[in-house]
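> Dropping in target-v3.cif, which is mmCIF, C-alpha atoms:
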```
data_structure
loop_
_atom_site.label_atom_id
_atom_site.label_comp_id
_atom_site.auth_asym_id
_atom_site.auth_seq_id
_atom_site.Cartn_x
_atom_site.Cartn_y
_atom_site.Cartn_z
CA MET A 1 -8.40 60.75 3.77
CA LYS A 2 -5.23 61.31 5.75
CA LEU A 3 -6.57 59.21 8.61
CA LYS A 4 -7.40 56.38 6.18
CA MET A 5 -3.91 56.45 4.69
CA LEU A 6 -2.35 56.51 8.15
CA HIS A 7 -4.44 53.49 9.15
CA CYS A 8 -3.24 51.60 6.08
CA LEU A 9 0.35 52.43 6.78
CA ARG A 10 0.06 51.29 10.40
CA SER A 11 -1.67 48.01 9.51
CA SER A 12 0.70 46.97 6.71
CA LYS A 13 3.37 44.35 7.64
CA PRO A 14 7.00 44.89 6.78
CA PRO A 15 8.16 42.62 3.91
CA GLN A 16 9.95 39.44 4.97
CA SER A 17 13.63 39.14 4.23
CA ASP A 18 15.03 36.11 2.36
CA LYS A 19 16.66 35.02 5.61
CA GLN A 20 13.33 35.04 7.45
CA ARG A 21 11.60 33.10 4.66
CA THR A 22 14.39 30.52 4.65
CA SER A 23 14.21 30.18 8.43
CA GLN A 24 10.44 29.62 8.32
CA GLU A 25 10.81 27.05 5.53
CA ILE A 26 13.39 25.13 7.56
CA GLU A 27 11.11 25.19 10.61
CA ARG A 28 8.20 23.92 8.49
CA LYS A 29 10.29 21.08 7.06
CA CYS A 30 11.65 20.14 10.49
CA SER A 31 8.11 20.04 11.84
CA GLU A 32 7.08 17.84 8.91
CA MET A 33 10.13 15.61 9.44
CA HIS A 34 9.26 14.98 13.10
CA LYS A 35 5.66 14.31 12.12
CA ASN A 36 6.83 11.72 9.55
CA PHE A 37 9.09 10.05 12.11
CA ARG A 38 6.20 9.84 14.59
CA GLU A 39 4.08 7.99 12.03
CA ASP A 40 4.05 4.20 12.24
CA VAL A 41 5.87 2.30 9.49
CA LYS A 42 4.04 -0.63 7.92
CA ILE A 43 6.16 -3.37 6.33
CA LEU A 44 4.79 -6.32 4.38
CA LEU A 45 6.82 -9.53 4.09
CA LEU A 46 6.27 -11.24 0.75
CA GLY A 47 7.83 -14.17 -1.09
CA THR A 48 7.25 -17.78 -2.01
CA ALA A 49 6.83 -20.53 0.57
CA GLU A 50 9.99 -21.35 2.56
CA SER A 51 11.83 -18.23 1.42
CA GLY A 52 12.51 -17.20 5.05
CA LYS A 53 9.70 -14.72 5.76
CA THR A 54 8.69 -16.25 9.09
CA THR A 55 12.35 -16.45 10.16
CA ILE A 56 12.67 -12.68 9.61
CA PHE A 57 9.44 -12.30 11.62
CA LYS A 58 11.07 -14.24 14.50
CA GLN A 59 14.26 -12.16 14.21
CA MET A 60 12.30 -8.94 14.75
CA ARG A 61 10.96 -10.42 17.99
CA ILE A 62 14.48 -11.41 19.06
CA LEU A 63 16.02 -8.05 18.16
CA HIS A 64 13.25 -5.68 19.24
CA ILE A 65 10.86 -7.45 21.66
CA ASN A 66 13.16 -9.18 24.17
CA GLY A 67 13.15 -12.56 22.44
CA TYR A 68 11.63 -15.67 24.08
CA THR A 69 11.10 -16.62 27.72
CA ASP A 70 11.91 -20.18 28.88
CA ASP A 71 8.20 -21.04 28.88
CA GLU A 72 7.84 -19.74 25.32
CA ARG A 73 10.91 -21.74 24.30
CA ARG A 74 9.36 -24.91 25.73
CA ASP A 75 6.23 -24.20 23.72
CA GLU A 76 8.37 -24.58 20.57
CA ILE A 77 9.43 -28.16 21.42
CA PRO A 78 6.51 -29.97 19.68
CA GLU A 79 7.18 -28.03 16.46
CA ILE A 80 10.90 -28.89 16.59
CA TYR A 81 10.12 -32.57 17.25
CA GLN A 82 7.77 -32.53 14.26
CA ASN A 83 10.49 -30.95 12.08
CA ILE A 84 12.91 -33.73 13.03
CA HIS A 85 10.41 -36.52 12.50
CA GLU A 86 9.20 -35.21 9.12
CA SER A 87 12.81 -34.89 7.96
CA ILE A 88 13.86 -38.46 8.82
CA TYR A 89 10.50 -39.81 7.60
CA GLN A 90 10.91 -38.07 4.22
CA LEU A 91 14.46 -39.39 3.84
CA VAL A 92 13.35 -42.95 4.58
CA GLN A 93 10.42 -42.65 2.14
CA TYR A 94 12.63 -41.47 -0.70
CA MET A 95 15.32 -44.11 -0.20
CA SER A 96 13.22 -46.63 -2.14
CA ILE A 97 11.87 -44.03 -4.60
CA LEU A 98 15.43 -43.05 -5.57
CA GLY A 99 16.57 -46.69 -5.64
CA LEU A 100 19.08 -46.27 -2.81
CA GLU A 101 20.16 -48.99 -0.36
CA TYR A 102 20.94 -48.89 3.35
CA LYS A 103 24.44 -49.67 4.54
CA CYS A 104 23.34 -52.41 6.98
CA CYS A 105 20.38 -54.45 8.20
CA THR A 106 20.15 -52.38 11.39
CA SER A 107 19.35 -49.30 9.31
CA GLN A 108 16.64 -51.21 7.44
CA ARG A 109 14.99 -52.17 10.74
CA SER A 110 15.21 -48.54 11.89
CA ALA A 111 13.62 -47.41 8.64
CA SER A 112 10.71 -49.82 9.12
CA TYR A 113 10.21 -48.48 12.65
CA ILE A 114 10.08 -44.85 11.45
CA LEU A 115 7.67 -45.66 8.60
CA SER A 116 5.36 -47.52 11.00
CA MET A 117 4.91 -44.29 12.98
CA GLY A 118 3.47 -42.30 10.10
CA TRP A 119 3.84 -38.49 9.83
CA ALA A 120 3.15 -37.65 13.48
CA ALA A 121 6.17 -37.07 15.73
CA PRO A 122 6.30 -38.76 19.14
CA GLU A 123 5.25 -36.65 22.11
CA TYR A 124 8.44 -37.66 23.93
CA MET A 125 11.83 -38.70 22.57
CA ASN A 126 12.11 -42.18 24.10
CA GLU A 127 15.35 -44.16 23.91
CA GLU A 128 14.13 -46.56 21.21
CA TYR A 129 13.05 -43.76 18.87
CA CYS A 130 16.30 -41.85 19.42
CA ASP A 131 18.44 -44.91 18.64
CA HIS A 132 16.60 -45.42 15.34
CA VAL A 133 16.99 -41.77 14.28
CA ILE A 134 20.72 -41.74 15.14
CA THR A 135 21.26 -45.04 13.30
CA LEU A 136 19.56 -43.74 10.18
CA TRP A 137 21.32 -40.36 10.14
CA ASN A 138 24.68 -42.14 10.38
CA ASP A 139 23.80 -44.45 7.48
CA PHE A 140 25.68 -43.83 4.22
CA GLY A 141 22.54 -44.48 2.16
CA ILE A 142 20.52 -41.86 4.07
CA ARG A 143 23.34 -39.35 3.64
CA THR A 144 23.35 -40.05 -0.10
CA CYS A 145 19.59 -39.50 -0.13
CA TYR A 146 20.08 -36.20 1.69
CA GLU A 147 22.62 -35.07 -0.95
CA ARG A 148 19.88 -35.61 -3.55
CA SER A 149 17.23 -33.74 -1.57
CA ASN A 150 16.77 -31.21 -4.38
CA GLU A 151 14.83 -34.00 -6.12
CA PHE A 152 12.09 -34.12 -3.47
CA PRO A 153 10.55 -31.85 -0.77
CA LEU A 154 12.78 -31.66 2.30
CA SER A 155 13.17 -28.93 4.91
CA ASP A 156 16.29 -26.76 4.70
CA SER A 157 16.71 -27.34 8.45
CA THR A 158 17.04 -31.13 8.13
CA LYS A 159 20.81 -31.22 8.53
CA TYR A 160 20.80 -28.69 11.37
CA PHE A 161 18.28 -30.62 13.48
CA LEU A 162 19.66 -34.10 12.77
CA ASP A 163 23.22 -32.95 13.49
CA ASN A 164 21.94 -31.59 16.83
CA PHE A 165 19.57 -34.49 17.53
CA GLU A 166 21.39 -35.91 20.57
CA ARG A 167 21.26 -32.52 22.34
CA ILE A 168 17.62 -31.95 21.37
CA SER A 169 16.54 -35.42 22.54
CA GLN A 170 17.71 -34.80 26.14
CA ASP A 171 15.00 -34.85 28.84
CA ASN A 172 15.88 -31.34 30.08
CA TYR A 173 15.97 -29.84 26.58
CA ILE A 174 15.06 -26.16 26.20
CA PRO A 175 15.29 -24.82 22.62
CA THR A 176 18.02 -22.30 21.92
CA THR A 177 17.36 -19.18 19.88
CA GLU A 178 19.06 -20.84 16.93
CA ASP A 179 16.79 -23.89 17.29
CA ILE A 180 13.72 -21.64 17.16
CA LEU A 181 15.04 -19.80 14.10
CA HIS A 182 15.59 -23.11 12.28
CA SER A 183 12.17 -24.55 13.11
CA ARG A 184 9.68 -24.56 10.25
CA LYS A 185 5.90 -24.42 10.16
CA VAL A 186 3.71 -23.66 7.16
CA THR A 187 2.34 -20.11 7.47
CA THR A 188 -1.37 -19.78 6.77
CA GLY A 189 -3.43 -16.65 7.09
CA ILE A 190 -2.04 -13.25 8.10
CA HIS A 191 0.17 -12.55 11.13
CA ASN A 192 1.51 -9.23 12.39
CA ILE A 193 4.01 -8.02 14.94
CA SER A 194 4.68 -4.49 16.27
CA PHE A 195 7.95 -3.17 17.67
CA ARG A 196 9.84 0.07 18.31
CA VAL A 197 13.15 1.09 16.78
CA PRO A 198 15.28 4.02 18.07
CA ILE A 199 15.64 7.08 15.82
CA PRO A 200 19.24 8.41 15.65
CA ASP A 201 19.99 11.46 17.80
CA TYR A 202 21.02 13.53 14.77
CA LEU A 203 17.42 13.17 13.53
CA GLY A 204 15.89 14.20 16.82
CA GLY A 205 15.98 10.92 18.74
CA GLY A 206 12.96 9.06 20.08
CA GLU A 207 11.44 5.89 18.66
CA GLN A 208 9.62 4.81 15.53
CA VAL A 209 6.88 2.17 15.64
CA PHE A 210 7.01 -0.61 13.05
CA HIS A 211 4.19 -2.97 12.13
CA MET A 212 5.25 -6.03 10.14
CA TRP A 213 2.90 -8.46 8.40
CA ASP A 214 3.77 -12.05 7.47
CA VAL A 215 1.54 -13.92 5.01
CA GLY A 216 1.60 -17.45 3.63
CA GLY A 217 3.68 -17.85 0.47
CA GLN A 218 1.96 -20.92 -1.02
CA ARG A 219 -0.03 -20.35 -4.19
CA ASN A 220 -3.31 -21.03 -2.41
CA GLN A 221 -2.49 -18.36 0.22
CA ARG A 222 -1.63 -15.49 -2.15
CA ASN A 223 -5.23 -14.44 -2.73
CA LYS A 224 -5.19 -13.18 0.88
CA TRP A 225 -2.30 -10.78 0.28
CA ILE A 226 -4.41 -7.92 -1.07
CA GLN A 227 -6.10 -7.65 2.34
CA VAL A 228 -2.92 -6.06 3.75
CA PHE A 229 -1.80 -3.94 0.76
CA ASP A 230 -3.54 -0.76 1.95
CA GLY A 231 -1.26 1.76 3.67
CA ILE A 232 1.93 -0.29 3.26
CA HIS A 233 5.10 1.84 3.38
CA ALA A 234 7.58 -0.85 2.34
CA VAL A 235 7.55 -4.34 0.85
CA LEU A 236 10.24 -6.69 2.10
CA PHE A 237 10.45 -9.40 -0.57
CA LEU A 238 12.44 -12.56 0.13
CA ILE A 239 14.07 -14.72 -2.55
CA SER A 240 15.59 -18.07 -1.59
CA CYS A 241 18.78 -18.20 -3.66
CA SER A 242 19.27 -21.87 -2.79
CA ASP A 243 16.06 -22.82 -4.66
CA PHE A 244 17.75 -22.80 -8.07
CA ASP A 245 17.84 -26.63 -8.29
CA GLN A 246 14.43 -27.43 -6.75
CA SER A 247 10.88 -27.87 -8.01
CA LEU A 248 7.78 -26.26 -6.59
CA LEU A 249 5.82 -28.41 -4.14
CA GLU A 250 2.50 -27.40 -5.76
CA ASP A 251 3.78 -27.90 -9.32
CA ALA A 252 6.70 -30.28 -9.92
CA SER A 253 7.23 -28.85 -13.43
CA GLN A 254 8.03 -25.37 -12.10
CA ASN A 255 11.49 -24.38 -10.86
CA ARG A 256 11.24 -22.77 -7.41
CA LEU A 257 13.60 -19.90 -8.17
CA GLN A 258 11.76 -19.14 -11.41
CA GLU A 259 8.48 -19.14 -9.46
CA ALA A 260 9.99 -16.59 -7.06
CA LEU A 261 11.11 -14.36 -9.95
CA ASN A 262 7.66 -14.54 -11.54
CA LEU A 263 6.07 -13.65 -8.20
CA PHE A 264 8.43 -10.71 -7.72
CA ARG A 265 7.40 -9.40 -11.15
CA SER A 266 3.69 -9.53 -10.25
CA VAL A 267 4.31 -7.81 -6.89
CA TRP A 268 6.57 -5.13 -8.41
CA GLN A 269 3.99 -4.42 -11.14
CA ASN A 270 1.05 -4.37 -8.71
CA ARG A 271 -0.47 -0.91 -8.91
CA PHE A 272 -1.63 -1.02 -5.27
CA LEU A 273 2.01 -1.26 -4.14
CA ALA A 274 3.42 1.29 -6.59
CA ALA A 275 3.96 3.91 -3.87
CA ALA A 276 5.62 1.48 -1.43
CA GLY A 277 9.36 1.20 -0.98
CA PHE A 278 10.88 -2.10 -2.13
CA ILE A 279 13.60 -4.06 -0.35
CA VAL A 280 14.73 -7.49 -1.54
CA PHE A 281 16.51 -10.00 0.69
CA LEU A 282 18.41 -12.48 -1.46
CA ASN A 283 18.22 -15.07 1.28
CA LYS A 284 19.75 -18.45 2.18
CA GLN A 285 23.21 -17.52 0.95
CA ASP A 286 24.71 -20.18 3.26
CA ILE A 287 22.65 -23.02 1.74
CA MET A 288 23.35 -21.76 -1.79
CA GLU A 289 27.09 -21.80 -1.11
CA ARG A 290 26.86 -25.30 0.39
CA LYS A 291 25.05 -26.58 -2.68
CA ILE A 292 27.60 -25.11 -5.08
CA ALA A 293 30.45 -26.59 -3.03
CA SER A 294 28.79 -30.01 -3.30
CA GLY A 295 28.78 -29.82 -7.11
CA LYS A 296 25.39 -28.32 -7.97
CA HIS A 297 25.37 -25.52 -10.56
CA ILE A 298 22.73 -22.95 -11.48
CA VAL A 299 23.65 -23.18 -15.17
CA ASP A 300 21.99 -26.61 -15.29
CA TYR A 301 18.65 -24.91 -14.56
CA PHE A 302 19.23 -21.44 -16.01
CA PRO A 303 21.32 -21.83 -19.21
CA GLU A 304 21.53 -18.04 -19.57
CA PHE A 305 23.89 -18.05 -16.57
CA GLU A 306 26.77 -18.92 -18.91
CA GLU A 307 26.16 -15.79 -20.96
CA PHE A 308 25.95 -13.71 -17.77
CA CYS A 309 29.40 -14.95 -16.69
CA ASN A 310 30.83 -13.38 -19.84
CA SER A 311 28.96 -10.08 -19.40
CA PRO A 312 30.33 -6.80 -17.95
CA GLN A 313 28.13 -7.27 -14.82
CA ALA A 314 30.15 -10.36 -13.89
CA GLU A 315 33.57 -8.72 -14.18
CA SER A 316 33.78 -8.08 -10.42
CA CYS A 317 32.81 -11.67 -9.51
CA PHE A 318 35.59 -13.87 -8.19
CA ASP A 319 34.01 -17.35 -7.81
CA GLU A 320 30.91 -19.34 -8.74
CA CYS A 321 29.05 -18.40 -5.55
CA ASP A 322 29.61 -14.74 -6.31
CA TRP A 323 28.54 -15.21 -9.93
CA THR A 324 25.39 -17.04 -8.85
CA LYS A 325 24.15 -14.43 -6.36
CA LYS A 326 24.96 -11.56 -8.75
CA PHE A 327 23.15 -13.43 -11.55
CA ILE A 328 19.99 -13.75 -9.42
CA LYS A 329 20.22 -10.08 -8.42
CA GLN A 330 20.56 -9.07 -12.09
CA LYS A 331 17.42 -11.09 -12.88
CA LEU A 332 15.56 -8.96 -10.34
CA ILE A 333 17.04 -5.70 -11.65
CA ASP A 334 15.95 -6.64 -15.18
CA ILE A 335 12.38 -7.16 -13.90
CA THR A 336 12.32 -3.69 -12.30
CA GLU A 337 13.32 -2.16 -15.63
CA GLU A 338 10.46 -3.77 -17.57
CA PRO A 339 7.64 -1.42 -18.69
CA VAL A 340 4.83 -1.12 -16.15
CA LYS A 341 1.65 -2.67 -17.57
CA ARG A 342 -0.87 -0.77 -15.43
CA PRO A 343 0.51 2.50 -13.97
CA SER A 344 -0.83 3.44 -10.55
CA ARG A 345 -3.05 6.48 -10.11
CA ASN A 346 -1.32 7.00 -6.75
CA LEU A 347 1.93 8.08 -8.39
CA ILE A 348 2.05 11.77 -9.20
CA ASN A 349 4.80 11.35 -11.77
CA HIS A 350 4.78 8.11 -13.71
CA GLN A 351 8.23 8.95 -15.09
CA THR A 352 9.84 8.83 -11.63
CA LYS A 353 12.22 5.88 -11.40
CA ARG A 354 11.32 3.57 -8.52
CA GLU A 355 14.12 2.33 -6.33
CA CYS A 356 14.63 -1.25 -5.20
CA TYR A 357 17.23 -2.04 -2.54
CA TYR A 358 19.01 -5.42 -2.43
CA HIS A 359 20.66 -7.27 0.46
CA PHE A 360 22.34 -10.69 0.57
CA THR A 361 21.14 -12.39 3.74
CA VAL A 362 21.13 -15.47 5.96
CA ALA A 363 17.82 -15.15 7.83
CA THR A 364 18.89 -17.53 10.63
CA ASP A 365 21.95 -15.33 11.40
CA THR A 366 20.83 -12.73 13.95
CA CYS A 367 23.95 -10.56 13.51
CA CYS A 368 23.39 -10.47 9.75
CA ILE A 369 19.72 -9.50 10.10
CA ARG A 370 20.50 -6.87 12.76
CA LYS A 371 22.93 -5.15 10.38
CA VAL A 372 20.65 -5.44 7.37
CA PHE A 373 17.58 -4.17 9.23
CA ASN A 374 19.58 -1.19 10.49
CA ASP A 375 20.36 -0.42 6.84
CA VAL A 376 16.67 -0.81 5.96
CA HIS A 377 15.69 1.61 8.76
CA GLN A 378 18.25 4.15 7.54
CA MET A 379 16.80 3.84 4.03
CA ILE A 380 13.28 4.50 5.35
CA LEU A 381 14.49 7.53 7.34
CA HIS A 382 16.32 8.95 4.33
CA ASP A 383 13.26 8.42 2.12
CA ASN A 384 11.21 10.41 4.65
CA LEU A 385 13.74 13.22 4.45
CA ALA A 386 13.76 13.08 0.65
CA GLN A 387 9.96 13.43 0.53
CA ILE A 388 10.17 16.81 2.28
CA GLY A 389 13.27 17.99 0.43
CA LEU A 390 15.78 17.64 3.27
CA PHE A 391 17.93 14.90 1.71
#
```
For this file, write the structure as structure tokens.


Amino acid sequence: MKLKMLHCLRSSKPPQSDKQRTSQEIERKCSEMHKNFREDVKILLLGTAESGKTTIFKQMRILHINGYTDDERRDEIPEIYQNIHESIYQLVQYMSILGLEYKCCTSQRSASYILSMGWAAPEYMNEEYCDHVITLWNDFGIRTCYERSNEFPLSDSTKYFLDNFERISQDNYIPTTEDILHSRKVTTGIHNISFRVPIPDYLGGGEQVFHMWDVGGQRNQRNKWIQVFDGIHAVLFLISCSDFDQSLLEDASQNRLQEALNLFRSVWQNRFLAAAGFIVFLNKQDIMERKIASGKHIVDYFPEFEEFCNSPQAESCFDECDWTKKFIKQKLIDITEEPVKRPSRNLINHQTKRECYYHFTVATDTCCIRKVFNDVHQMILHDNLAQIGLF
């Protein structure tokens, strides 16, 4: 009996002190933190067509994958030529539809030349073609048509490319980074890019791998979105704030900004994305500001804007541009506060308030996107810490 008791006494472990338990808990959480940081982050770009998703996709390549080589830049030339030709062709087409007149007979001859070419851009910018494009872009009637471009489909990059046409039409032309960021091509299907982002030293250093998916924003492309919902850590939703005065290409009766808000609601309420972080880029702030300066007002399309301007939310606004972007942001906030129709089974606590982070952006501005993406990365890192109780 004595031997048995002695054996028990020898085999029993001394009780842990509170200090030891705390130390072990910290080690466990640190180990979990490093494991989380080693895991790849999957981001899904969503939004309506022409909201700027593909431009953000290009910016990630510029910021994190060494940009474009000269050969890759030359590969972009046909797309840029097509952008220019479609822009001038659309303007010429809508001159007659809008009942506008050219300033001189020379412009009329140039318009006939452009229309005779159809939609396809020339393979090379010959002197005759260039003269016609320059003549038309300098015509008062064409400029008036451009000012009314909210009434018909026209690329947001029209002014940029036509203002830079003489440089672009040179024989030795190599697209700049800004040219590539302004070029537009309809996204169909699903595209992904992978890149590495440094982890701050105070969190252990190293790198975190990001995978970003870009999908077409047209109505007929949205049925493909669900294919990439699985395992998504964050949704990056883009809203084009300059769309407030435009109609949807697929449905002329639908306002483009309202379409974006409706789409955001369906994505936010989607139960398969309930566990994903949400970041909204209120994009194209530069174009929105340019429109307002030219005399266009969101109140003509969203009458409730007038009531918002008299609300407490608008007290910190100092001009119409500020009111407009805050109004659009408030529309999104209101959507996130609506009752969820179909709660997700993936959420442990349905009462937990989901966070949505908002940023005002210009997707073609690399400095802007660098700063904003750094903020997004910090948010993801802090969310990882919060999940293990370290933040």

> Applied to this file, what does the PyMOL selection byres ((chain A and resi 369) around 10) return in terms of residues, put as a PyMOL selection string?

chain A and resi 56+59-60+63+281+359-368+370-375

> Using CA of Phe327 (chain A) and CA of Ile232 (chain A) as the two end points, give the distance in Å to one decimal.

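Rounded to one decimal, the two atoms are 29.0 Å apart.
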
> If I take CA of Pro198 (chain A) and CA of Thr69 (chain A), how far is one from the other in Å, to one decimal?

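Computed distance, CA of Pro198 (chain A) to CA of Thr69 (chain A), equals 23.2 Å.
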
> Would you work out the distance separating CA of Tyr146 (chain A) from CA of Leu45 (chain A), expressed in Å to one decimal?

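For CA of Tyr146 (chain A) relative to CA of Leu45 (chain A), the distance reads 29.9 Å.
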
> Given the file shown, determine the residues that the PyMOL selection byres ((chain A and resi 177) around 9) selects; report them as an MDAnalysis selection string.

chainID A and resid 62 67:68 73 175:176 178:182

> List the neighbours of Ile292 (chain A) out to 12 Å using only C-alpha atoms; skip same-chain residues closer than 2 positions along the sequence, and give me the result as a ChimeraX atom specification.

/A:147,241-245,285-290,294-300,319-325

> Can you tell me which residues surround Arg265 (chain A) at a distance of at most 9 Å, considering only C-alpha atoms, apart from same-chain residues fewer than 4 positions away, and format the answer as a list in words?

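Result of the neighbour search: Ala260, Leu261, Gln269, Asn270, Leu332, Ile335 and Thr336 of chain A.
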
> Which residue gives the smallest distance to Glu86 (chain A) among A:Arg109, A:Ile380, A:Phe161, A:Thr135, with only C-alpha atoms counted?

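Ranking A:Arg109, A:Ile380, A:Phe161, A:Thr135 by distance to Glu86 (chain A), first place goes to A:Phe161.
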
> Which residue gives the smallest distance to Thr187 (chain A) among A:Gln330, A:Ser169, A:Ser155, A:Gln221, with all atoms listed in the file counted?

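Using all atoms listed in the file, the shortest distance to Thr187 (chain A) belongs to A:Gln221.
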
> Can you translate the PyMOL selection byres ((chain A and resi 162) around 9) into the concrete residues it hits in this file, as a PDB file with C-alpha atoms, keeping the file's coordinate frame?


```
ATOM      1  CA  ILE A  84      12.910 -33.730  13.030  1.00  0.00           C
ATOM      2  CA  SER A  87      12.810 -34.890   7.960  1.00  0.00           C
ATOM      3  CA  ILE A  88      13.860 -38.460   8.820  1.00  0.00           C
ATOM      4  CA  VAL A 133      16.990 -41.770  14.280  1.00  0.00           C
ATOM      5  CA  ILE A 134      20.720 -41.740  15.140  1.00  0.00           C
ATOM      6  CA  TRP A 137      21.320 -40.360  10.140  1.00  0.00           C
ATOM      7  CA  SER A 157      16.710 -27.340   8.450  1.00  0.00           C
ATOM      8  CA  THR A 158      17.040 -31.130   8.130  1.00  0.00           C
ATOM      9  CA  LYS A 159      20.810 -31.220   8.530  1.00  0.00           C
ATOM     10  CA  TYR A 160      20.800 -28.690  11.370  1.00  0.00           C
ATOM     11  CA  PHE A 161      18.280 -30.620  13.480  1.00  0.00           C
ATOM     12  CA  ASP A 163      23.220 -32.950  13.490  1.00  0.00           C
ATOM     13  CA  ASN A 164      21.940 -31.590  16.830  1.00  0.00           C
ATOM     14  CA  PHE A 165      19.570 -34.490  17.530  1.00  0.00           C
ATOM     15  CA  GLU A 166      21.390 -35.910  20.570  1.00  0.00           C
TER      16      GLU A 166
END
```

> Ranking A:Ile142, A:Leu238, A:Met379, A:Met212 by minimum distance to Ile193 (chain A) and counting all atoms listed in the file, which one comes first?

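Using all atoms listed in the file, Ile193 (chain A) sits closest to A:Met212.
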
> Counting only C-alpha atoms, which residue out of A:Asp75, A:Val186, A:Lys353, A:Leu98 sits closest to Glu338 (chain A)?

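The shortest atom-to-atom distance to Glu338 (chain A) comes from A:Lys353.
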
> Please determine, counting all atoms listed in the file, which residue among A:Trp268, A:Tyr173, A:Phe318, A:Phe278 has the shortest atom-to-atom distance to Arg74 (chain A).

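With all atoms listed in the file as the atom set, the closest residue is A:Tyr173.
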
> Check the smallest atom-to-atom distance from each of A:Arg184, A:Tyr358, A:Arg167, A:Asp156 to Lys58 (chain A) using all atoms listed in the file, then report the winner.

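Using all atoms listed in the file, Lys58 (chain A) sits closest to A:Arg184.
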
> From (15.2, -17.4, 1.7), in the file's coordinates, out to 6 Å: which residues are reached, counting all atoms listed in the file? Answer as a list in words.

Ser51, Gly52, Leu238, Ile239, Ser240, Asn283 and Lys284 of chain A
